[in-house]
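Student: Below: one structure in structure tokens.
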Amino acid sequence: MVDRIANIWGSRTPYARDGLWPVRVDQVLDDGVAEADVDRWVQSACVLCSNGCACDIAVKDGAMVGIRGRAQDLVNHGRLGPKGLFASRQGVSNKDRLISPLVRDNGQLVECDWDTAMRRIVDRSRSLLAERGPLSHGFYTSGQLFLEEYYALAVVGKGGIGTPHMDGNTRLCTATAAAAMKESFGADGQPGSYTDVDSCDALFLYGHNMAETQTVLWSRVLDRIAGPDRPKIVCVDPRDTEVARHADVHLAIRPGTNLALMHALVREILARGWEDTGYIRDHTRGLDDLRKAVEPWTAEAAAATCGVPAADIREAARIFGTSDRIVSTVLQGFYQSSQATAASCQVNNLHLLRGMLGRPGCGVLQMNGQPTAQNNRECGADGDLPGFRNWENPDHIKELARLWDVDPMTIPDWAPPTHAMQIFRYAEQGSINFLWISATNPAVSMPQLPRIRDILTKPDLFLVVQDLYLTETAQYADVVLPAAAWGEKTGTFTNVNRVVHLSDKAVDPPGEARSDLDIFLDYSRRMEFTTLAGAPLLDWTGPEDAFEAWKNCSRGRPCDYTGITYDRLRGGSGIPWPCNEDHPDGTDRLYGDGVFPTDPDYCESYGHDLLTGATVGAQAFRAQGPGGRAQFKTAPFHPPHEEPDEDHPLRYTTGRTAYHFHTRTKTGRSRPLTNAAPRAWVELAREDADRFGISEGDLVRVTSRRGRIEVPARVSGIAPGTVFAPFHYGYWETGGSPGPHPTAANELTLTEWDPVSKQPMFKNAAVAVEKIGDATGPAPAPTTTASRPAMAPGATPVPATTGGDAAQATETPGAEPAPRFPDAINAREGSQR
Amino acid sequence: MNLKIYLGMLHQAEQTLAESFRQVAEGHGAEPDVHFLCRTLAGQCDRHGELLHPVLQRYGESREDNEPERLHAEGLSTTREGPVGLLRDLQDLYLLASLVDITWTMVKQAGSALRDKELLEVVAKCDAETAIQLRWLQTRMKQAAPQALVAAR
């Protein structure tokens, strides 16, 4: 047994370059349940980060009693992380679950039946559509529903109502991944694969604390590091993360300066002649503009802007310029910071310059934050059109209209789909009066919370919230709909590297809770949305109907699912799309042939100017020549709009810890996880702590121009001048509102977004810090992660984070050989179901 | 040579546009993208003025020509409020930026006739940015128009 709170990544199973990552099956069963007691194991995949670890749920007497990783799956080779082990079922099997719809009567939320709740929604929806039209309606969904649910919502919103105001919290987590791939390659679609970790000899992590955000993928990296020929690691992160501790080069740059660093890396590659001129000539366009843009950014210039030594920048560039096989991963440190799309495109550019795409060990992973973010992007329940279609291409709109048998004019294509921050602005201004929020908690996760609370409580806004629990957001709702959770419904979802998994229903949902799919289908039925032929717009009876409809929508597009069936997904490994007649077993990595989806008739986007977000437009895009080439795109560096000054002398950044997911609606209900990271904290560098007279555990007030938090201080290894707060800690346990000591990191963040991806900027603000109370003990921050204390000499050591009896998991080395693509796709276990 | 008339017009138009971008940035602080980008674009206009400086030194700059102003483009005196107000302010910026754009084009024509490489380099740099300013304004206005004109109260 292993304490998987103390040992987040579990035991090492080292392997060599080009080897197969050994199998290790991680398993937890409830106290008193033995394997022999389990009635059945139900196939699924974990939804507590974007990694998409395949798992089986143990069911006994109609309840979920355990979980184990699936040995034969290409994603995780049997492993699970602490969140999957200790919060997947514990996070949903809880007495706090909503078991009945609620409606607001005389200011109070009261229980009611489904008919009452749905009727109230439909009445308001109908009257607003009649009076004000579709632009009065907004939908804000999630990165945590299933593919079938997003597709249903997309058809209802875009083909039934016809509103452009649809987005997901994917806007906060993964919009830049999609935007950067659209700009560079012409369409969304992850070029690389996790299998590239097996073969690389250098791994670059850009603003990606993989050790905490995708713990199982990091286990794979740790096993390469522990092997005989470890890859070089380069880490760009202002914090002293686990990744940084293993790095050959750690660039702890100032928040808000990513693009300056990236310009210097690109410039260095070009100046040293490390680029692949043949690849550039045959497969790209735009090198001259790129060269011009990076010209001023010598290593010294970037060093001055970013606050790291020029020699380290040169060394990072040398590793990139001279390694044979390179993997880059990118996440929120880039996506949620200044000039997000431009900085992330530079990562793509580096790989294009060296022709490092489409071969084993040569890949880009523009990561996702959430388990099903990819599906929201594919299905178009966010600011995209279904099937990676291009909203500026009238033929793509007509295709959708034909698929759905609706008038093409219904589908909003006159302007870019409205992004989440703009949806909330329209609600603030009173032109959106109907907002339906599903499976997300903006009252904690959006920037500048005092403003978000004002919007959610506006009397002229009719708010529907659909969730598992009465979240901070749900308490403001006019109607609350209880949703079925993971394990209580069937559907598919797709992880970062395009692997599609099926998650089967294991148990019944509690009380009256219903699947999100059933709720959307019920709304569509009650609204009497019809096709041109007069049939119901959505006549699906269950998730498999929805999946088959989606396959039709995906046909011929980059995310082609036509070769996947529920049946194929049962019993073996997940399948990476595209999977169709040409690729019957799916596709491990894209662009092996150097042909990119930039054909003007096929591409998902004609692109943008990366400084302003101005659209390029069809005509100018076509004028650039025939498609098929990737594009070097960039923008001039611009300093962050809020920089430290006398009143707010420190830079503020936010993020996550290994032990929690989002606003803790699930992980906060797991005892091992909550014990490991029970309450909010803020991290300060030793220099800054000394300067402001702050010691470990002292209560401090952190103030920005927008608000304040009051939490204990952890003195950590973070870069001096930078302050970090985890964004998980809202108020649901303490009455739902901030109270005298606010803890939500987003009280302080500013309302600003990237001009192209529209992803909000959570990682740069100016703050002041002051001590307001003496420590009563160390800060409630884990010692096993980036928040590890930096102890002053002679100080009392902070007790190590452990999980004890409640955090024991078994780790069984695989008896069978590790799964390999494509053999794993068609291998089936004997008697799984 | 009458080029100095156009150089004077151009210099004036960039200054007017810079001031108007600043005006809109300050007047629409509740629209963060408009606020921050208009400040950035005002800075671009300032730099265009600086880049023009050596050219103005060589050819001179006339602001009092024989053709008095008939169409007045004096910039935004103040900003409007609300969704339609934002749209109209952006539209005014669009008109001012169009004036800058077409004036650069005429200056480029003269520069080509003069075979003035230095002038043409300045035009190429600045006019490309003006073109993007116009495209951004159009992108943002197209986004705002349906909500402002149909749904806003």
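We name chains A, B, ... following the order of the structure tokens; residues begin at 1 in each chain, and ligands are numbered from 1 as shown.
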Got a sec to pull out which chain B residues are within 9 Å of chain A, counting only C-alpha atoms, and send them as a list in words?

Tutor: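 Residues passing the distance filter: Ala30, Glu31, Pro32, Asp33, Phe36, Leu37, Thr40, Leu41, Gly82, Pro83, Ile132, Gln133, Leu134, Arg135, Trp136, Leu137, Gln138, Thr139, Arg140, Lys142, Gln143, Ala144, Pro146, Gln147, Ala148, Val150, Ala151, Ala152 and Arg153 of chain B.
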
Student: For Glu212 (chain A), work out the shell of residues within 7 Å, counting only C-alpha atoms and skipping chain neighbours fewer than 2 positions away, then give it as JSON, numbers by chain.

Tutor: {"A": [209, 210, 214, 215, 657, 658]}

Student: Mind dumping the selected residues with all heavy atoms as a PDB file, in the first residue's frame?

Tutor:
ATOM      1  N   ASN A 209       2.551  23.492 -14.780  1.00  0.00           N
ATOM      2  CA  ASN A 209       2.934  22.759 -13.580  1.00  0.00           C
ATOM      3  C   ASN A 209       2.325  21.361 -13.671  1.00  0.00           C
ATOM      4  O   ASN A 209       1.422  21.008 -12.920  1.00  0.00           O
ATOM      5  CB  ASN A 209       2.437  23.515 -12.335  1.00  0.00           C
ATOM      6  CG  ASN A 209       2.891  22.857 -11.053  1.00  0.00           C
ATOM      7  OD1 ASN A 209       3.631  21.880 -11.064  1.00  0.00           O
ATOM      8  ND2 ASN A 209       2.434  23.391  -9.929  1.00  0.00           N
ATOM      9  N   MET A 210       2.840  20.588 -14.609  1.00  0.00           N
ATOM     10  CA  MET A 210       2.275  19.262 -14.912  1.00  0.00           C
ATOM     11  C   MET A 210       2.229  18.371 -13.680  1.00  0.00           C
ATOM     12  O   MET A 210       1.320  17.552 -13.518  1.00  0.00           O
ATOM     13  CB  MET A 210       3.095  18.593 -16.012  1.00  0.00           C
ATOM     14  CG  MET A 210       2.512  17.298 -16.539  1.00  0.00           C
ATOM     15  SD  MET A 210       3.738  16.317 -17.424  1.00  0.00           S
ATOM     16  CE  MET A 210       3.846  17.162 -18.985  1.00  0.00           C
ATOM     17  N   GLN A 214      -1.623  17.611 -14.059  1.00  0.00           N
ATOM     18  CA  GLN A 214      -1.843  16.303 -14.699  1.00  0.00           C
ATOM     19  C   GLN A 214      -0.868  15.316 -14.047  1.00  0.00           C
ATOM     20  O   GLN A 214       0.174  14.976 -14.606  1.00  0.00           O
ATOM     21  CB  GLN A 214      -1.602  16.356 -16.213  1.00  0.00           C
ATOM     22  CG  GLN A 214      -2.709  17.019 -17.032  1.00  0.00           C
ATOM     23  CD  GLN A 214      -2.597  18.514 -17.109  1.00  0.00           C
ATOM     24  OE1 GLN A 214      -1.554  19.078 -16.809  1.00  0.00           O
ATOM     25  NE2 GLN A 214      -3.676  19.171 -17.504  1.00  0.00           N
ATOM     26  N   THR A 215      -1.204  14.864 -12.845  1.00  0.00           N
ATOM     27  CA  THR A 215      -0.228  14.121 -12.042  1.00  0.00           C
ATOM     28  C   THR A 215       0.192  12.811 -12.710  1.00  0.00           C
ATOM     29  O   THR A 215       1.325  12.367 -12.553  1.00  0.00           O
ATOM     30  CB  THR A 215      -0.790  13.812 -10.639  1.00  0.00           C
ATOM     31  OG1 THR A 215      -1.980  13.041 -10.785  1.00  0.00           O
ATOM     32  CG2 THR A 215      -1.100  15.075  -9.866  1.00  0.00           C
ATOM     33  N   THR A 657      -3.576  23.611  -6.890  1.00  0.00           N
ATOM     34  CA  THR A 657      -2.745  22.658  -6.167  1.00  0.00           C
ATOM     35  C   THR A 657      -3.122  21.249  -6.610  1.00  0.00           C
ATOM     36  O   THR A 657      -4.236  21.024  -7.107  1.00  0.00           O
ATOM     37  CB  THR A 657      -2.914  22.810  -4.644  1.00  0.00           C
ATOM     38  OG1 THR A 657      -2.103  21.814  -4.000  1.00  0.00           O
ATOM     39  CG2 THR A 657      -4.353  22.596  -4.200  1.00  0.00           C
ATOM     40  N   ALA A 658      -2.207  20.320  -6.402  1.00  0.00           N
ATOM     41  CA  ALA A 658      -2.437  18.936  -6.848  1.00  0.00           C
ATOM     42  C   ALA A 658      -3.685  18.338  -6.223  1.00  0.00           C
ATOM     43  O   ALA A 658      -4.301  17.438  -6.787  1.00  0.00           O
ATOM     44  CB  ALA A 658      -1.230  18.072  -6.507  1.00  0.00           C
TER      45      ALA A 658
END

Student: Could you list, as a list in words, every residue within 10 Å of Asn2 (chain B), counting only C-alpha atoms and ignoring same-chain residues fewer than 5 positions away?

Tutor: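 So, after excluding close chain neighbours, the residues are Leu7, Tyr59, Gly60, Glu61, Ser62, Asp65 and Ala110 of chain B.
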
Student: Write out as a list in words which residues come within 8 Å of Leu52 (chain B) when counting only C-alpha atoms, dropping same-chain ones fewer than 3 positions away.

Tutor: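 What passes the distance filter is His11, His48, Gly49, Val55, Leu56 and Val122 of chain B.
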
Student: Kindly indicate which residue among B:Ala13, B:Cys45, B:Leu90, B:Ala113 lies nearest to Ala128 (chain B), using only C-alpha atoms for the distances.

Tutor: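 Using only C-alpha atoms, the shortest distance to Ala128 (chain B) belongs to B:Cys45.
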
Student: So that I can see what lies close to Cys345 (chain A), please list as a ChimeraX atom specification the residues with an atom at most 9 Å from it, counting only C-alpha atoms and leaving out residues fewer than 2 positions away in the same chain.

Tutor: /A:179-181,183-184,340-343,347-350,632-634

Student: What lies within 7 Å of Asn746 (chain A) using only C-alpha atoms, ignoring chain neighbours under 4 positions off, as JSON, numbers by chain?

Tutor: {"A": [444, 445, 446, 447, 448, 449, 727]}

Student: Just N, CA, C and O atoms for this one: save the residues we selected as a PDB file, in the first residue's frame.

Tutor:
ATOM      1  N   VAL A 444     -17.069  31.776  -8.176  1.00  0.00           N
ATOM      2  CA  VAL A 444     -15.727  31.600  -7.609  1.00  0.00           C
ATOM      3  C   VAL A 444     -14.642  31.629  -8.681  1.00  0.00           C
ATOM      4  O   VAL A 444     -13.538  32.110  -8.443  1.00  0.00           O
ATOM      5  N   SER A 445     -14.973  31.155  -9.893  1.00  0.00           N
ATOM      6  CA  SER A 445     -13.903  30.939 -10.873  1.00  0.00           C
ATOM      7  C   SER A 445     -13.688  32.090 -11.840  1.00  0.00           C
ATOM      8  O   SER A 445     -12.673  32.111 -12.534  1.00  0.00           O
ATOM      9  N   MET A 446     -14.582  33.041 -11.905  1.00  0.00           N
ATOM     10  CA  MET A 446     -14.375  34.137 -12.848  1.00  0.00           C
ATOM     11  C   MET A 446     -13.561  35.260 -12.216  1.00  0.00           C
ATOM     12  O   MET A 446     -13.501  35.379 -11.000  1.00  0.00           O
ATOM     13  N   PRO A 447     -12.926  36.094 -13.047  1.00  0.00           N
ATOM     14  CA  PRO A 447     -12.146  37.195 -12.470  1.00  0.00           C
ATOM     15  C   PRO A 447     -13.019  38.263 -11.833  1.00  0.00           C
ATOM     16  O   PRO A 447     -14.174  38.424 -12.198  1.00  0.00           O
ATOM     17  N   GLN A 448     -12.435  38.969 -10.907  1.00  0.00           N
ATOM     18  CA  GLN A 448     -13.059  40.135 -10.263  1.00  0.00           C
ATOM     19  C   GLN A 448     -14.426  39.771  -9.682  1.00  0.00           C
ATOM     20  O   GLN A 448     -15.473  40.263 -10.111  1.00  0.00           O
ATOM     21  N   LEU A 449     -14.406  38.936  -8.644  1.00  0.00           N
ATOM     22  CA  LEU A 449     -15.644  38.374  -8.097  1.00  0.00           C
ATOM     23  C   LEU A 449     -16.660  39.388  -7.587  1.00  0.00           C
ATOM     24  O   LEU A 449     -17.868  39.159  -7.724  1.00  0.00           O
ATOM     25  N   PHE A 727      -6.740  29.119  -6.497  1.00  0.00           N
ATOM     26  CA  PHE A 727      -8.040  29.737  -6.799  1.00  0.00           C
ATOM     27  C   PHE A 727      -9.225  28.884  -6.360  1.00  0.00           C
ATOM     28  O   PHE A 727     -10.352  29.183  -6.673  1.00  0.00           O
TER      29      PHE A 727
END

Student: Taking the DSSP secondary structure from the backbone, can you list the residues of region 17-83 of chain B that are helix (DSSP H, G or I), as an MDAnalysis selection string?

Tutor: chainID B and resid 17:27 32:59 82:83

Student: Rounded to one decimal, what separation in Å do you get between CA of Met527 (chain A) and CA of Asp539 (chain A)?

Tutor: 13.1 Å

Student: Measure the distance from CA of Leu610 (chain A) to CA of Ala635 (chain A) in Å and round it to one decimal.

Tutor: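 Atom-to-atom, CA of Leu610 (chain A) to CA of Ala635 (chain A), that is 5.5 Å.
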
Student: Determine, counting only C-alpha atoms, which protein, DNA and RNA residues have an atom within 10 Å of an atom of Glu816 (chain A); residues of the same chain fewer than 2 positions away are not included. Present the result as a compact mmCIF listing (two decimals) with C-alpha atoms, in the first residue's frame.

Tutor:
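Listed below is the output, part-v1.txt:
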# COMPACT_ATOMS: atom_id res chain seq x y z
CA PRO A 22 5.34 -0.03 -17.79
CA VAL A 23 1.88 -0.87 -16.50
CA ALA A 71 -4.01 -1.35 -17.54
CA GLN A 72 -4.77 -1.65 -21.24
CA PRO A 813 2.94 -3.81 -11.47
CA GLY A 814 1.49 -5.04 -14.76
CA ALA A 818 2.14 -2.31 -21.75
CA PRO A 819 -0.41 -1.17 -24.34
